[in-house]
$ cat model.pdb   # PDB, C-alpha atoms, pLDDT in the B column
ATOM      1  CA  MET D   1       0.000   0.000   0.000  1.00 56.00           C
ATOM      2  CA  ASN D   2       2.831   2.418   0.825  1.00 68.00           C
ATOM      3  CA  THR D   3       4.531   1.794  -2.505  1.00 72.00           C
ATOM      4  CA  LEU D   4       1.279   2.581  -4.287  1.00 66.00           C
ATOM      5  CA  ILE D   5       1.029   5.920  -2.483  1.00 70.00           C
ATOM      6  CA  CYS D   6       4.672   6.692  -3.227  1.00 68.00           C
ATOM      7  CA  ARG D   7       4.200   5.879  -6.909  1.00 75.00           C
ATOM      8  CA  ALA D   8       1.156   8.129  -7.070  1.00 75.00           C
ATOM      9  CA  ALA D   9       2.867  10.976  -5.215  1.00 78.00           C
ATOM     10  CA  LEU D  10       6.050  10.910  -7.307  1.00 78.00           C
ATOM     11  CA  PRO D  11       4.535  12.419 -10.510  1.00 80.00           C
ATOM     12  CA  VAL D  12       2.728  15.063  -8.465  1.00 78.00           C
ATOM     13  CA  LEU D  13       5.960  16.072  -6.736  1.00 77.00           C
ATOM     14  CA  ALA D  14       7.793  16.157 -10.077  1.00 75.00           C
ATOM     15  CA  MET D  15       5.166  18.503 -11.535  1.00 74.00           C
ATOM     16  CA  LEU D  16       5.355  20.772  -8.497  1.00 73.00           C
ATOM     17  CA  ALA D  17       9.145  20.879  -8.752  1.00 71.00           C
ATOM     18  CA  GLY D  18       8.817  21.937 -12.387  1.00 65.00           C
ATOM     19  CA  CYS D  19       6.606  24.840 -11.400  1.00 64.00           C
ATOM     20  CA  ALA D  20       9.000  25.911  -8.662  1.00 63.00           C
ATOM     21  CA  THR D  21      11.962  26.139 -11.044  1.00 59.00           C
ATOM     22  CA  ALA D  22      10.190  27.848 -13.947  1.00 57.00           C
ATOM     23  CA  PRO D  23      11.888  31.030 -15.192  1.00 65.00           C
ATOM     24  CA  ARG D  24      10.335  34.320 -14.185  1.00 71.00           C
ATOM     25  CA  TYR D  25       9.555  35.844 -17.579  1.00 70.00           C
ATOM     26  CA  GLU D  26       7.200  38.396 -16.117  1.00 76.00           C
ATOM     27  CA  ALA D  27       9.437  39.592 -13.291  1.00 78.00           C
ATOM     28  CA  ARG D  28       9.270  43.213 -14.525  1.00 82.00           C
ATOM     29  CA  PHE D  29       5.859  43.010 -16.194  1.00 85.00           C
ATOM     30  CA  GLY D  30       3.887  46.208 -15.599  1.00 87.00           C
ATOM     31  CA  ASP D  31       6.796  48.367 -14.432  1.00 90.00           C
ATOM     32  CA  ALA D  32       6.112  51.035 -17.072  1.00 88.00           C
ATOM     33  CA  VAL D  33       2.460  51.286 -16.070  1.00 90.00           C
ATOM     34  CA  ARG D  34       3.329  51.565 -12.386  1.00 92.00           C
ATOM     35  CA  GLN D  35       5.929  54.252 -13.127  1.00 90.00           C
ATOM     36  CA  ALA D  36       3.482  56.270 -15.244  1.00 88.00           C
ATOM     37  CA  ARG D  37       0.782  55.949 -12.586  1.00 90.00           C
ATOM     38  CA  SER D  38       3.140  57.174  -9.861  1.00 90.00           C
ATOM     39  CA  ALA D  39       4.232  60.113 -12.057  1.00 86.00           C
ATOM     40  CA  MET D  40       0.573  61.077 -12.595  1.00 85.00           C
ATOM     41  CA  THR D  41      -0.066  60.767  -8.871  1.00 88.00           C
ATOM     42  CA  ILE D  42       2.792  63.140  -8.096  1.00 86.00           C
ATOM     43  CA  ASP D  43       1.711  65.776 -10.657  1.00 84.00           C
ATOM     44  CA  PRO D  44      -1.594  65.064 -12.442  1.00 83.00           C
ATOM     45  CA  GLN D  45      -1.398  68.341 -14.449  1.00 84.00           C
ATOM     46  CA  ALA D  46       2.167  67.830 -15.724  1.00 78.00           C
ATOM     47  CA  GLY D  47       1.024  67.709 -19.350  1.00 76.00           C
ATOM     48  CA  ALA D  48      -0.511  71.179 -19.134  1.00 82.00           C
ATOM     49  CA  THR D  49       2.702  72.954 -18.092  1.00 79.00           C
ATOM     50  CA  PRO D  50       4.540  74.875 -20.849  1.00 77.00           C
ATOM     51  CA  ASP D  51       7.984  73.959 -19.461  1.00 73.00           C
ATOM     52  CA  PRO D  52      10.035  71.797 -21.838  1.00 68.00           C
ATOM     53  CA  VAL D  53      11.085  68.364 -20.731  1.00 66.00           C
ATOM     54  CA  ALA D  54      14.775  68.012 -19.934  1.00 73.00           C
ATOM     55  CA  GLY D  55      16.336  65.361 -22.115  1.00 77.00           C
ATOM     56  CA  ILE D  56      17.084  64.886 -25.797  1.00 81.00           C
ATOM     57  CA  ASP D  57      16.969  67.960 -28.040  1.00 83.00           C
ATOM     58  CA  GLY D  58      15.091  68.164 -31.335  1.00 85.00           C
ATOM     59  CA  GLN D  59      18.118  67.734 -33.606  1.00 91.00           C
ATOM     60  CA  ALA D  60      19.292  64.580 -31.842  1.00 90.00           C
ATOM     61  CA  ALA D  61      15.750  63.169 -31.782  1.00 89.00           C
ATOM     62  CA  ARG D  62      15.300  63.806 -35.523  1.00 92.00           C
ATOM     63  CA  ASP D  63      18.664  62.158 -36.308  1.00 94.00           C
ATOM     64  CA  ALA D  64      17.806  59.154 -34.138  1.00 92.00           C
ATOM     65  CA  MET D  65      14.459  58.714 -35.900  1.00 92.00           C
ATOM     66  CA  THR D  66      16.143  59.017 -39.307  1.00 93.00           C
ATOM     67  CA  ARG D  67      18.723  56.349 -38.404  1.00 90.00           C
ATOM     68  CA  TYR D  68      15.934  54.128 -37.050  1.00 89.00           C
ATOM     69  CA  GLN D  69      13.881  54.440 -40.238  1.00 90.00           C
ATOM     70  CA  ASP D  70      16.936  53.915 -42.452  1.00 88.00           C
ATOM     71  CA  SER D  71      17.776  50.704 -40.588  1.00 84.00           C
ATOM     72  CA  PHE D  72      14.756  49.067 -42.244  1.00 84.00           C
ATOM     73  CA  LYS D  73      15.883  50.109 -45.729  1.00 86.00           C
ATOM     74  CA  ALA D  74      19.274  48.422 -45.421  1.00 77.00           C
ATOM     75  CA  PRO D  75      19.191  45.876 -42.578  1.00 72.00           C
ATOM     76  CA  PRO D  76      22.504  44.606 -41.209  1.00 73.00           C
ATOM     77  CA  PRO D  77      23.923  41.473 -42.865  1.00 77.00           C
ATOM     78  CA  VAL D  78      22.856  38.114 -41.478  1.00 77.00           C
ATOM     79  CA  VAL D  79      25.550  36.281 -39.522  1.00 73.00           C
ATOM     80  CA  ASN D  80      25.838  32.507 -39.779  1.00 70.00           C
ATOM     81  CA  VAL D  81      25.904  31.387 -36.149  1.00 71.00           C
ATOM     82  CA  ILE D  82      25.909  27.656 -36.778  1.00 74.00           C
ATOM     83  CA  ASN D  83      29.445  27.397 -38.139  1.00 66.00           C
ATOM     84  CA  ILE D  84      31.252  30.186 -36.339  1.00 63.00           C
ATOM     85  CA  GLY D  85      34.966  29.580 -36.770  1.00 63.00           C
ATOM     86  CA  GLY D  86      34.455  26.491 -38.893  1.00 60.00           C
ATOM     87  CA  PRO D  87      35.547  25.995 -42.501  1.00 61.00           C
ATOM     88  CA  ALA D  88      32.151  27.087 -43.840  1.00 55.00           C
ATOM     89  CA  ALA D  89      32.425  30.477 -42.101  1.00 50.00           C
ATOM     90  CA  ARG D  90      35.143  31.664 -44.471  1.00 52.00           C
TER      91      ARG D  90
END
$ encode --input "model.pdb" --output "structure tokens"
Amino acid sequence: MNTLICRAALPVLAMLAGCATAPRYEARFGDAVRQARSAMTIDPQAGATPDPVAGIDGQAARDAMTRYQDSFKAPPPVVNVINIGGPAAR
């Protein structure tokens, strides 16, 4: 009888162990929403102020957007990762 219980409990324990060691993909899920909510709580009328936001200037932002859009016109070359350093990589 004890061996029957042990045999029945073994798969259940294995499944529970699998759940305990699963990677935490969503460890930072929702951080952006929480940050935006806290910023709105601190100053709900921040969007109505005429003060400019400290950060990137217009010229740098325009250049960054241009480089981003141009990256789709000429994507970087594909690298063969299967045979790195092998005779087929040459």
$ axis_aligned_box --input "model.pdb" --around "region 10-18 of chain D" --padding-each-side "5 Å" --output "JSON"
{"center_x": 5.9, "center_y": 16.4, "center_z": -9.6, "size_x": 16.4, "size_y": 21.0, "size_z": 15.7}
$ atom_distance --input "model.pdb" --atom1 "CA of Asp31 (chain D)" --atom2 "CA of Ala46 (chain D)"
20.0 Å
$ atom_distance --input "model.pdb" --atom1 "CA of Ala36 (chain D)" --atom2 "CA of Gly55 (chain D)"
17.2 Å
$ atom_distance --input "model.pdb" --atom1 "CA of Asp57 (chain D)" --atom2 "CA of Ser38 (chain D)"
25.3 Å
$ build_atoms --input "model.pdb" --residues "region 22-33 of chain D" --atoms "all heavy atoms" --output "mmCIF file, in the frame of the given file"
data_model
loop_
_atom_site.group_PDB
_atom_site.id
_atom_site.type_symbol
_atom_site.label_atom_id
_atom_site.label_comp_id
_atom_site.auth_asym_id
_atom_site.auth_seq_id
_atom_site.Cartn_x
_atom_site.Cartn_y
_atom_site.Cartn_z
ATOM 1 N N ALA D 22 10.485 27.184 -12.673
ATOM 2 C CA ALA D 22 10.190 27.848 -13.947
ATOM 3 C C ALA D 22 10.817 29.242 -13.960
ATOM 4 O O ALA D 22 10.860 29.924 -12.936
ATOM 5 C CB ALA D 22 8.679 27.952 -14.141
ATOM 6 N N PRO D 23 11.306 29.683 -15.115
ATOM 7 C CA PRO D 23 11.888 31.030 -15.192
ATOM 8 C C PRO D 23 10.831 32.099 -14.984
ATOM 9 O O PRO D 23 9.667 31.904 -15.288
ATOM 10 C CB PRO D 23 12.462 31.095 -16.604
ATOM 11 C CG PRO D 23 11.757 30.037 -17.360
ATOM 12 C CD PRO D 23 11.348 28.992 -16.384
ATOM 13 N N ARG D 24 11.265 33.230 -14.470
ATOM 14 C CA ARG D 24 10.335 34.320 -14.185
ATOM 15 C C ARG D 24 10.359 35.301 -15.351
ATOM 16 O O ARG D 24 11.035 36.319 -15.306
ATOM 17 C CB ARG D 24 10.714 35.008 -12.890
ATOM 18 C CG ARG D 24 10.551 34.082 -11.688
ATOM 19 C CD ARG D 24 10.679 34.837 -10.437
ATOM 20 N NE ARG D 24 9.954 36.095 -10.541
ATOM 21 C CZ ARG D 24 9.310 36.678 -9.569
ATOM 22 N NH1 ARG D 24 9.303 36.107 -8.413
ATOM 23 N NH2 ARG D 24 8.699 37.825 -9.732
ATOM 24 N N TYR D 25 9.595 34.987 -16.395
ATOM 25 C CA TYR D 25 9.555 35.844 -17.579
ATOM 26 C C TYR D 25 8.906 37.189 -17.272
ATOM 27 O O TYR D 25 9.254 38.191 -17.845
ATOM 28 C CB TYR D 25 8.785 35.165 -18.715
ATOM 29 C CG TYR D 25 9.473 33.948 -19.247
ATOM 30 C CD1 TYR D 25 8.884 32.701 -19.140
ATOM 31 C CD2 TYR D 25 10.712 34.031 -19.850
ATOM 32 C CE1 TYR D 25 9.512 31.570 -19.628
ATOM 33 C CE2 TYR D 25 11.349 32.908 -20.337
ATOM 34 C CZ TYR D 25 10.733 31.679 -20.229
ATOM 35 O OH TYR D 25 11.359 30.583 -20.700
ATOM 36 N N GLU D 26 7.947 37.172 -16.389
ATOM 37 C CA GLU D 26 7.200 38.396 -16.117
ATOM 38 C C GLU D 26 7.668 39.082 -14.833
ATOM 39 O O GLU D 26 6.884 39.721 -14.146
ATOM 40 C CB GLU D 26 5.703 38.102 -16.051
ATOM 41 C CG GLU D 26 5.277 37.189 -14.932
ATOM 42 C CD GLU D 26 5.449 35.714 -15.245
ATOM 43 O OE1 GLU D 26 5.586 35.312 -16.383
ATOM 44 O OE2 GLU D 26 5.469 34.948 -14.289
ATOM 45 N N ALA D 27 8.923 38.993 -14.522
ATOM 46 C CA ALA D 27 9.437 39.592 -13.291
ATOM 47 C C ALA D 27 9.266 41.110 -13.285
ATOM 48 O O ALA D 27 9.014 41.707 -12.253
ATOM 49 C CB ALA D 27 10.915 39.234 -13.102
ATOM 50 N N ARG D 28 9.391 41.753 -14.448
ATOM 51 C CA ARG D 28 9.270 43.213 -14.525
ATOM 52 C C ARG D 28 8.025 43.634 -15.286
ATOM 53 O O ARG D 28 7.920 44.762 -15.743
ATOM 54 C CB ARG D 28 10.518 43.789 -15.185
ATOM 55 C CG ARG D 28 11.776 43.511 -14.364
ATOM 56 C CD ARG D 28 12.947 44.190 -14.951
ATOM 57 N NE ARG D 28 12.626 45.591 -15.139
ATOM 58 C CZ ARG D 28 13.314 46.595 -14.660
ATOM 59 N NH1 ARG D 28 14.370 46.350 -13.953
ATOM 60 N NH2 ARG D 28 12.962 47.832 -14.887
ATOM 61 N N PHE D 29 7.079 42.717 -15.452
ATOM 62 C CA PHE D 29 5.859 43.010 -16.194
ATOM 63 C C PHE D 29 5.058 44.085 -15.473
ATOM 64 O O PHE D 29 4.780 43.977 -14.289
ATOM 65 C CB PHE D 29 5.018 41.739 -16.338
ATOM 66 C CG PHE D 29 3.798 41.919 -17.179
ATOM 67 C CD1 PHE D 29 3.898 41.954 -18.549
ATOM 68 C CD2 PHE D 29 2.554 42.069 -16.600
ATOM 69 C CE1 PHE D 29 2.780 42.116 -19.337
ATOM 70 C CE2 PHE D 29 1.430 42.236 -17.367
ATOM 71 C CZ PHE D 29 1.542 42.262 -18.739
ATOM 72 N N GLY D 30 4.697 45.146 -16.169
ATOM 73 C CA GLY D 30 3.887 46.208 -15.599
ATOM 74 C C GLY D 30 4.670 47.338 -14.966
ATOM 75 O O GLY D 30 4.074 48.267 -14.427
ATOM 76 N N ASP D 31 5.988 47.300 -15.035
ATOM 77 C CA ASP D 31 6.796 48.367 -14.432
ATOM 78 C C ASP D 31 6.513 49.722 -15.072
ATOM 79 O O ASP D 31 6.445 50.738 -14.378
ATOM 80 C CB ASP D 31 8.287 48.053 -14.545
ATOM 81 C CG ASP D 31 8.740 47.037 -13.508
ATOM 82 O OD1 ASP D 31 7.918 46.661 -12.647
ATOM 83 O OD2 ASP D 31 9.910 46.623 -13.565
ATOM 84 N N ALA D 32 6.351 49.763 -16.389
ATOM 85 C CA ALA D 32 6.112 51.035 -17.072
ATOM 86 C C ALA D 32 4.773 51.638 -16.646
ATOM 87 O O ALA D 32 4.668 52.856 -16.450
ATOM 88 C CB ALA D 32 6.143 50.832 -18.584
ATOM 89 N N VAL D 33 3.772 50.794 -16.486
ATOM 90 C CA VAL D 33 2.460 51.286 -16.070
ATOM 91 C C VAL D 33 2.522 51.827 -14.644
ATOM 92 O O VAL D 33 1.981 52.892 -14.342
ATOM 93 C CB VAL D 33 1.400 50.173 -16.191
ATOM 94 C CG1 VAL D 33 0.064 50.616 -15.623
ATOM 95 C CG2 VAL D 33 1.249 49.751 -17.632
#
